Every structure is written in structure tokens, then in C-alpha cells.
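S.K.: This is the structure I want to talk about, given as C-alpha cells.
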Amino acid sequence: MSAAATYVNPRVVEAQYAVRGLIPTRADALKAKLAAGEPLPFKELIYCNIGNPQALKQQPLSFNRQVMALVDAPMLLDNEAVVAALPTDVVARAREYLSKIGGKTGAYTDSIGYDWARKAVSDFIAKRDGTAEGPAIGDVVLTDGASTGVRLAMTTLLAGPEDGVLIPIPQYPLYTAQIALLNGSCAMYYLDESAGWAIPTVDLTRGIDTLKHKGATPRMLVVINPGNPTGQVLTRETMVDVVKFCYHNELLLLADEVYQENIYSTTKHFHSFRKVILGMEAPYNTTKCISLHSTSKGIIGECGRRGGYFEMLNIPHALKEQLLKMCSINLCSNVNGQVMTALMCTPPAETDASYASFHKEYTTIFESLKARAVHLAQELNTITGVTCNPVEGAMYAFPRIRLPAAYVAHNDALNHANGTTIAVDARWALELLEETGIVVVPGSGFLQQEGTLHFRTTILPPAEQMEHMTAAIRGFMDKIYAKYQH
């Protein structure tokens with residue numbers, strides 16, 4: 001069959017995922033050249049494009065890994081030397097988990113996950129929100145990271161262009177990609193950069209009007225808190241407004257809360273949408289909500305374990321029934337991810353043997369992330385042509401860049417000559433990579449207010465690499481302004 005005749009689902013072709021797109025692909029090619037000994041303008045690549053903590057030297061939490069090792073290899077519990085070398089609470093926790101799963105982890109679980117792991121999630125939610133009880137374990141679904149929860153929820157609600165979703169801009173590209181795959185309709189509400197990436201209610205209303213103008217019924221509102229890529233933390237007052245908006249417009253609120261442990265602001269705190277909804281007066285306390293969490297972020301940073309959950313609040317029986325059917329079609333989430341989710345939700349207690357070491361590891365990682373978040377925003381704001389809001393939470397900064405008109409013309413000329421359509425901020429990120437080895441994601445990959453340019457960078461590289469990264473961007477921007485500012 002000729003290449004011209006090869007069929008590919010157009011929905012797949014339409015879906016884009018910039019975090020692993022043009023720039024990272026080119027970075028991988030440059031990495032191969034470095035490995036082959038080819039001379040390049042830099043000695044190493046610094047990957048600031050993706051929230052992948054352990055790939056950037058963040059260490060795993062020992063307690064979690066020790067328990068995981070025993071659960072995955074229960075024969076180690078028969079080795080007296082191994083048992084003697086480990087903290088007593090590690091051994092006890094592993095025995096507890098193994099007793100609940102029949103001594104092995106190679107079998108399918110219930111389609112929504114182990115009941116004991118879902119009970120751990122429920123107890124975690126109750127403790128986090130300060131409530132007497134958590135959700136019923138039948139309202140908790142264990143997933144392969146939060147991304148699977150997004151896919152399941154959207155697949156259940158979106159049948160085609162007649163069903164619509166409101167998403168924040170800038171957004172995490174998973175959302176537009178999933179909507180494209182389902183051929184759903186999308187409307188954007190623009191976060192206000194001048195107000196610390198706040199959610200303007202007027203833009204939410206405009207999004208509803210946009211969907212209706214397309215002939216689509218608004219089904220869902222996506223909120224990412226703390227923000228990705230923008231790093232803001234929502235106030236409770238804003239969240240109350242969002243809940244009321246969802247109730248009045250009969251929307252399901254999809255609350256992406258995977259960065260809930262990553263709060264660096266000294267004046268803001270994380271509030272779950274579950275807690276906010278249940279704390280409101282009737283009828284707003286009946287607002288439909290699906291909340292997402294993951295083992296990939298926070299302080300645990302276990303991206304490759306693919307653990308996570310979604311929790312259903314006020315979901316009608318008919319919708320819940322179909323969501324659970326989708327889970328059964330998926331068979332079950334991976335067992336290691338389920339165990340890691342239980343560990344995330346049940347850290348050592350103060351009286352446990354591992355508590356002191358766990359607390360030290362946890363605090364060290366958190367304080368390091370907080371220091372890097374503060375320092376990165378400060379440094380970026382001293383670079384010509386760059387401004388950046390404070391990184392209040394999550395793992396990213398989303399600085400704005402202002403480029404000379406002649407640089408924009410330079411990009412237009414290259415596109416014309418090469419028959420390409422590379423966005424100007426993508427060109428900037430590509431040239432930054434080629435010259436410095438710094439890998440960032442252009443703001444166009446997350447979508448952005450028309451007439452603005454941005455890039456996303458993580459706060460995850462070690463401090464010395466962060467210093468090199470900001471110095472490299474400074475030098476690169478100085479060269480651009482020297483060459484193109486007339």
C-alpha cells in the first residue's frame with residue numbers, strides 16, 4: 001500500500017501533545033549526537049519540559065520503595081537477614097498488604113481497584129479535608145495515573161461535536177488531545193495573567209455561549225488547581241464561584257488536583273473542590289464533581305508507577321453506572337500503581353519506626369522544590385524580555401517572553417523558505433535548545449492569549465542545573481535583542 005493510501009484516524013492526527021512534541025523530539029536527536037561524541041555548543045541537555053521528578057534526580061521516598069519491594073517479592077519476607085535489615089513498620093505494612101491481596105500481585109484486581117487501597121484513599125480524603133468520613137469506597141476508582149481518569153470521564157460524557165467541554169487556557173495539552181480524539185467540542189476560558197492567572201467568571205460565561213453557538217451542549221468544566229502550566233493556587237472564594245457556575249449551568253466539574261501537595265505560597269492553601277462543595281449551602285452542595293489525584297507529582301514523584309485515583313461526588317446513578325462500566329472494559333489499573341497510591345495516602349505515623357527518616361526525606365524534597373520555585377521566578381524576572389508570575393504551586397513556571405519584531409519576521413522568513421508553520425515561540429524554544437541544550441515547551445503548545453508568547457519550564461532540575469538554565473536563557477535573550485532589536 002502506498003504512503004498516500006495509508007489511512008489514519010483523523011482524530012488521532014488532530015490530537016497534539018506538545019510536552020513530548022517537536023522540541024523534545026529534537027532534544028532526543030541531539031542527545032544521540034552527544035552520546036556519539038559529536039561536538040555541540042553544550043555538554044549536556046537539561047530537560048525542563050516535563051514534570052518527571054525522578055528523571056531529574058529527585059530521590060524516591062525510602063519507606064514506599066521498601067514496602068513496594070517486599071510486596072512485589074514476598075519471598076524476601078522469608079529471609080531473616082532482609083527482614084532484620086528493614087524497619088519494623090516496613091515489614092508490617094508489607095505483610096498487611098500481602099494478606100489482603102492473597103500474597104501475590106500478578107493477578108487482576110477489581111476493575112476499580114483493591115477495596116483496601118480505595119479505603120486508604122477515602123481515609124486520606126477525610127483527613128485532608130478535616131471531615132469525619134471520606135467518600136464511600138465505591139465512589140473511589142484507582143487509575144493508571146490521573147490521565148486515565150480524564151480519559152474515562154471524557155469518554156463517558158462526550159459522544160461527538162454535540163457535547164462540549166470548557167478548558168482553561170493555558171491548559172495541560174492532555175485535555176485538548178483527549179477532546180480531539182473523542183471529536184468533542186471545546187471552548188476556552190482564559191486565565192488572567194495580570195491577576196496571577198485568576199479565573200475570570202465573565203470568560204466562563206463566554207465559553208458557555210461559544211459552545212452553544214457551535215450547537216454543542218456544555219457537559220464539563222475542567223479546572224486545574226494548582227495550575228499546570230501556570231503554577232497558581234486558587235482561593236476558596238474563586239472556587240465557590242466556580243461551583244456555583246457549574247451548578248447553574250448543569251456542568252460536571254472535573255477537578256485536576258494532582259499538585260495538591262506542591263503549595264509554596266505562604267499566603268495560600270490548597271482547598272479541594274470536594275471540601276468546598278460539601279461546605280456550601282443547598283443546592284450548591286449537590287454540584288457534580290470528579291476529582292483527580294496521582295502518585296506522579298507531589299513529593300512522592302513516582303511517575304513511572306502510574307498510580308492515581310478519581311473520586312466521584314454527587315454523580316447520578318446512571319452516569320456512575322456507565323463510568324464503572326468503562327472501568328470494567330479497562331480491566332483494572334496496574335497493581336504497582338494501586339499499592340503506591342495506598343502508600344501515598346498512608347504515610348508512616350509519628351509512632352512508626354520509619355517516621356523520622358520519612359519526614360526528613362519528605363521535608364528535604366519539599367523545601368528544595370519551594371526554594372527552586374521562588375528562585376526561578378525571581379531570576380526569570382531579571383532577564384531582558386521575560387516576565388514571570390510567582391510560582392505559588394505545582395512544578396512549573398510559565399513566563400511571558402517579548403521578542404523583537406525583527407525576530408518574528410525572521411521566523412516568518414524561515415517558515416516561508418522551508419514550507420513550515422512553526423509558531424514564533426516554538427522557533428524561540430528550538431533555537432534555545434540548539435544553542436544551549438535547554439529543553440522547554442513553547443507556550444503555543446498549551447495555547448495562550450492571542451498576541452502573547454510564553455514557555456513552560458519545570459522547577460525540577462537540581463539547583464546547579466537551574467542556575468545554568470537561567471543563565472543560558474539570559475545569554476540567549478541578550479543575543480536576540482542585540483541582533484534583532486533595531
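Lettering and numbering for the C-alpha cells are positional, with chains as A, B, ... in the shown order, residues counted from 1 in each chain, and ligands counted from 1 in the shown order.
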Residues at most 10 Å from range 322-326 of chain A, counting only C-alpha atoms, excluding those fewer than 6 positions away in the same chain, as a ChimeraX atom specification?
M.R.: /A:111-112,138-139,141,149,151-157,312,315
S.K.: Using DSSP on the backbone coordinates, identify all residues within range 127-224 of chain A classified as helix (DSSP H, G or I); present the result as an MDAnalysis selection string.
M.R.: chainID A and resid 127:129 137:139 145:157 174:181 193:195 201:213
S.K.: For range 386-427 of chain A versus range 44-64 of chain A, which residues have an atom no more than 10 Å away, and what is each residue's nearest atom pair and distance in Å rounded to one decimal, using only C-alpha atoms, chain-then-number order, as CSV?
M.R.:
residue,atom,partner,partner_atom,distance
A:Ala394,CA,A:Gly51,CA,9.3
A:Met395,CA,A:Gly51,CA,6.7
A:Tyr396,CA,A:Gly51,CA,7.9
S.K.: Using only C-alpha atoms, determine which residues lie at most 12 Å from Ser185 in chain A, disregarding the query and same-chain residues fewer than 6 positions distant; provide the list as a ChimeraX atom specification.
M.R.: /A:154,157-167,175-179,207-208,210-220
S.K.: Between range 191-309 of chain A and range 335-339 of chain A, at 7 Å or less, what are the per-residue closest atom pairs and their distances in Å? Count only C-alpha atoms, order by chain and rising residue number, and return it as CSV.
M.R.:
residue,atom,partner,partner_atom,distance
A:Arg305,CA,A:Gly337,CA,5.1
A:Arg306,CA,A:Gly337,CA,5.1
A:Gly307,CA,A:Gly337,CA,3.7
A:Gly308,CA,A:Gly337,CA,6.9
S.K.: Would you mind reading off the distance between CA of Phe476 in chain A and CA of Ile23 in chain A, one decimal, in Å?
M.R.: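 A separation of 16.6 Å between them.
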S.K.: Looking at only C-alpha atoms, which of A:Ala195, A:Thr363, A:Leu204, A:Tyr484 is the one that sits closest to Asn249 in chain A?
M.R.: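 Residue with the minimum atom-to-atom distance to Asn249 in chain A: A:Leu204.
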S.K.: Counting only C-alpha atoms, figure out which residue out of A:Asn183, A:Leu319, A:Met344, A:Ile125 gets nearest to His271 in chain A.
M.R.: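 Closest to His271 in chain A of all the choices is A:Ile125.
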S.K.: Could you name the residues that touch Asn225 in chain A at 8 Å or less, counting only C-alpha atoms, but leaving out those on the same chain fewer than 5 positions away, as a short mmCIF file (atom, residue, chain, number, x, y, z; two decimals) with all heavy atoms, in the first residue's frame?
M.R.:
data_model
loop_
_atom_site.label_atom_id
_atom_site.label_comp_id
_atom_site.auth_asym_id
_atom_site.auth_seq_id
_atom_site.Cartn_x
_atom_site.Cartn_y
_atom_site.Cartn_z
N GLN A 232 -0.46 28.64 39.59
CA GLN A 232 -1.23 29.42 40.56
C GLN A 232 -2.02 28.50 41.48
O GLN A 232 -2.28 27.34 41.15
CB GLN A 232 -2.17 30.40 39.84
CG GLN A 232 -3.54 29.84 39.46
CD GLN A 232 -3.50 28.97 38.22
OE1 GLN A 232 -2.46 28.52 37.77
NE2 GLN A 232 -4.67 28.72 37.65
N VAL A 233 -2.42 29.02 42.64
CA VAL A 233 -3.27 28.31 43.59
C VAL A 233 -4.56 29.09 43.75
O VAL A 233 -4.53 30.29 44.06
CB VAL A 233 -2.56 28.15 44.96
CG1 VAL A 233 -3.48 27.45 45.95
CG2 VAL A 233 -1.25 27.38 44.81
N LEU A 234 -5.68 28.44 43.54
CA LEU A 234 -6.97 29.13 43.60
C LEU A 234 -7.35 29.46 45.04
O LEU A 234 -7.11 28.68 45.95
CB LEU A 234 -8.07 28.26 42.98
CG LEU A 234 -7.95 27.95 41.48
CD1 LEU A 234 -9.14 27.10 41.04
CD2 LEU A 234 -7.86 29.22 40.66
N ALA A 255 -12.07 18.24 38.42
CA ALA A 255 -11.07 18.94 39.23
C ALA A 255 -9.74 18.20 39.19
O ALA A 255 -9.61 17.13 39.80
CB ALA A 255 -11.56 19.09 40.67
N ASP A 256 -8.79 18.74 38.46
CA ASP A 256 -7.45 18.17 38.35
C ASP A 256 -6.64 18.72 39.53
O ASP A 256 -6.20 19.86 39.52
CB ASP A 256 -6.84 18.58 37.01
CG ASP A 256 -5.46 17.97 36.77
OD1 ASP A 256 -4.78 17.62 37.75
OD2 ASP A 256 -5.05 17.88 35.59
N GLU A 257 -6.43 17.86 40.55
CA GLU A 257 -5.80 18.30 41.79
C GLU A 257 -4.51 17.53 42.07
O GLU A 257 -4.14 17.31 43.22
CB GLU A 257 -6.79 18.17 42.95
CG GLU A 257 -8.04 19.02 42.75
CD GLU A 257 -9.09 18.87 43.84
OE1 GLU A 257 -9.09 17.82 44.54
OE2 GLU A 257 -9.91 19.78 44.00
N VAL A 258 -3.80 17.16 41.01
CA VAL A 258 -2.64 16.28 41.18
C VAL A 258 -1.46 16.97 41.86
O VAL A 258 -0.55 16.31 42.36
CB VAL A 258 -2.18 15.66 39.84
CG1 VAL A 258 -3.31 14.88 39.20
CG2 VAL A 258 -1.64 16.72 38.88
N TYR A 259 -1.47 18.31 41.91
CA TYR A 259 -0.35 19.04 42.54
C TYR A 259 -0.71 19.55 43.94
O TYR A 259 -0.11 20.50 44.43
CB TYR A 259 0.07 20.21 41.65
CG TYR A 259 0.60 19.76 40.31
CD1 TYR A 259 -0.20 19.80 39.17
CD2 TYR A 259 1.90 19.27 40.18
CE1 TYR A 259 0.28 19.38 37.94
CE2 TYR A 259 2.38 18.84 38.96
CZ TYR A 259 1.57 18.89 37.85
OH TYR A 259 2.05 18.46 36.63
N GLN A 260 -1.67 18.91 44.59
CA GLN A 260 -2.19 19.45 45.85
C GLN A 260 -1.16 19.51 46.97
O GLN A 260 -1.30 20.29 47.90
CB GLN A 260 -3.43 18.67 46.29
CG GLN A 260 -3.22 17.18 46.50
CD GLN A 260 -4.54 16.46 46.73
OE1 GLN A 260 -4.90 16.15 47.86
NE2 GLN A 260 -5.27 16.17 45.66
#
S.K.: Would you list the contacts of Lys100 in chain A as a VMD selection string, taking every protein, DNA or RNA residue within 10 Å and counting only C-alpha atoms, but skipping same-chain residues closer than 2 positions in sequence?
M.R.: chain A and resid 95 to 98 102 to 104 114 to 117
S.K.: I'd like the interatomic distance between CA of Val242 in chain A and CA of Thr387 in chain A, to a tenth of an Å.
M.R.: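 One can read the CA of Val242 in chain A to CA of Thr387 in chain A distance as 28.0 Å.
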S.K.: Where in range 145-376 of chain A does DSSP assign strand (DSSP E or B), given as a VMD selection string?
M.R.: chain A and resid 163 to 169 185 to 190 192 198 217 to 224 252 to 256 263 289 to 294 308 to 313
S.K.: Considering only C-alpha atoms, can you say which of A:Met477, A:Leu331, A:Val408, A:Ala482 comes closest to Leu380 in chain A?
M.R.: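 Ranking A:Met477, A:Leu331, A:Val408, A:Ala482 by distance to Leu380 in chain A, first place goes to A:Met477.
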S.K.: For Gln485 in chain A, which of A:Tyr189, A:Tyr407, A:Phe455, A:Trp197 is the closest residue, counting only C-alpha atoms?
M.R.: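 So, comparing all the options, the nearest one is A:Tyr407.
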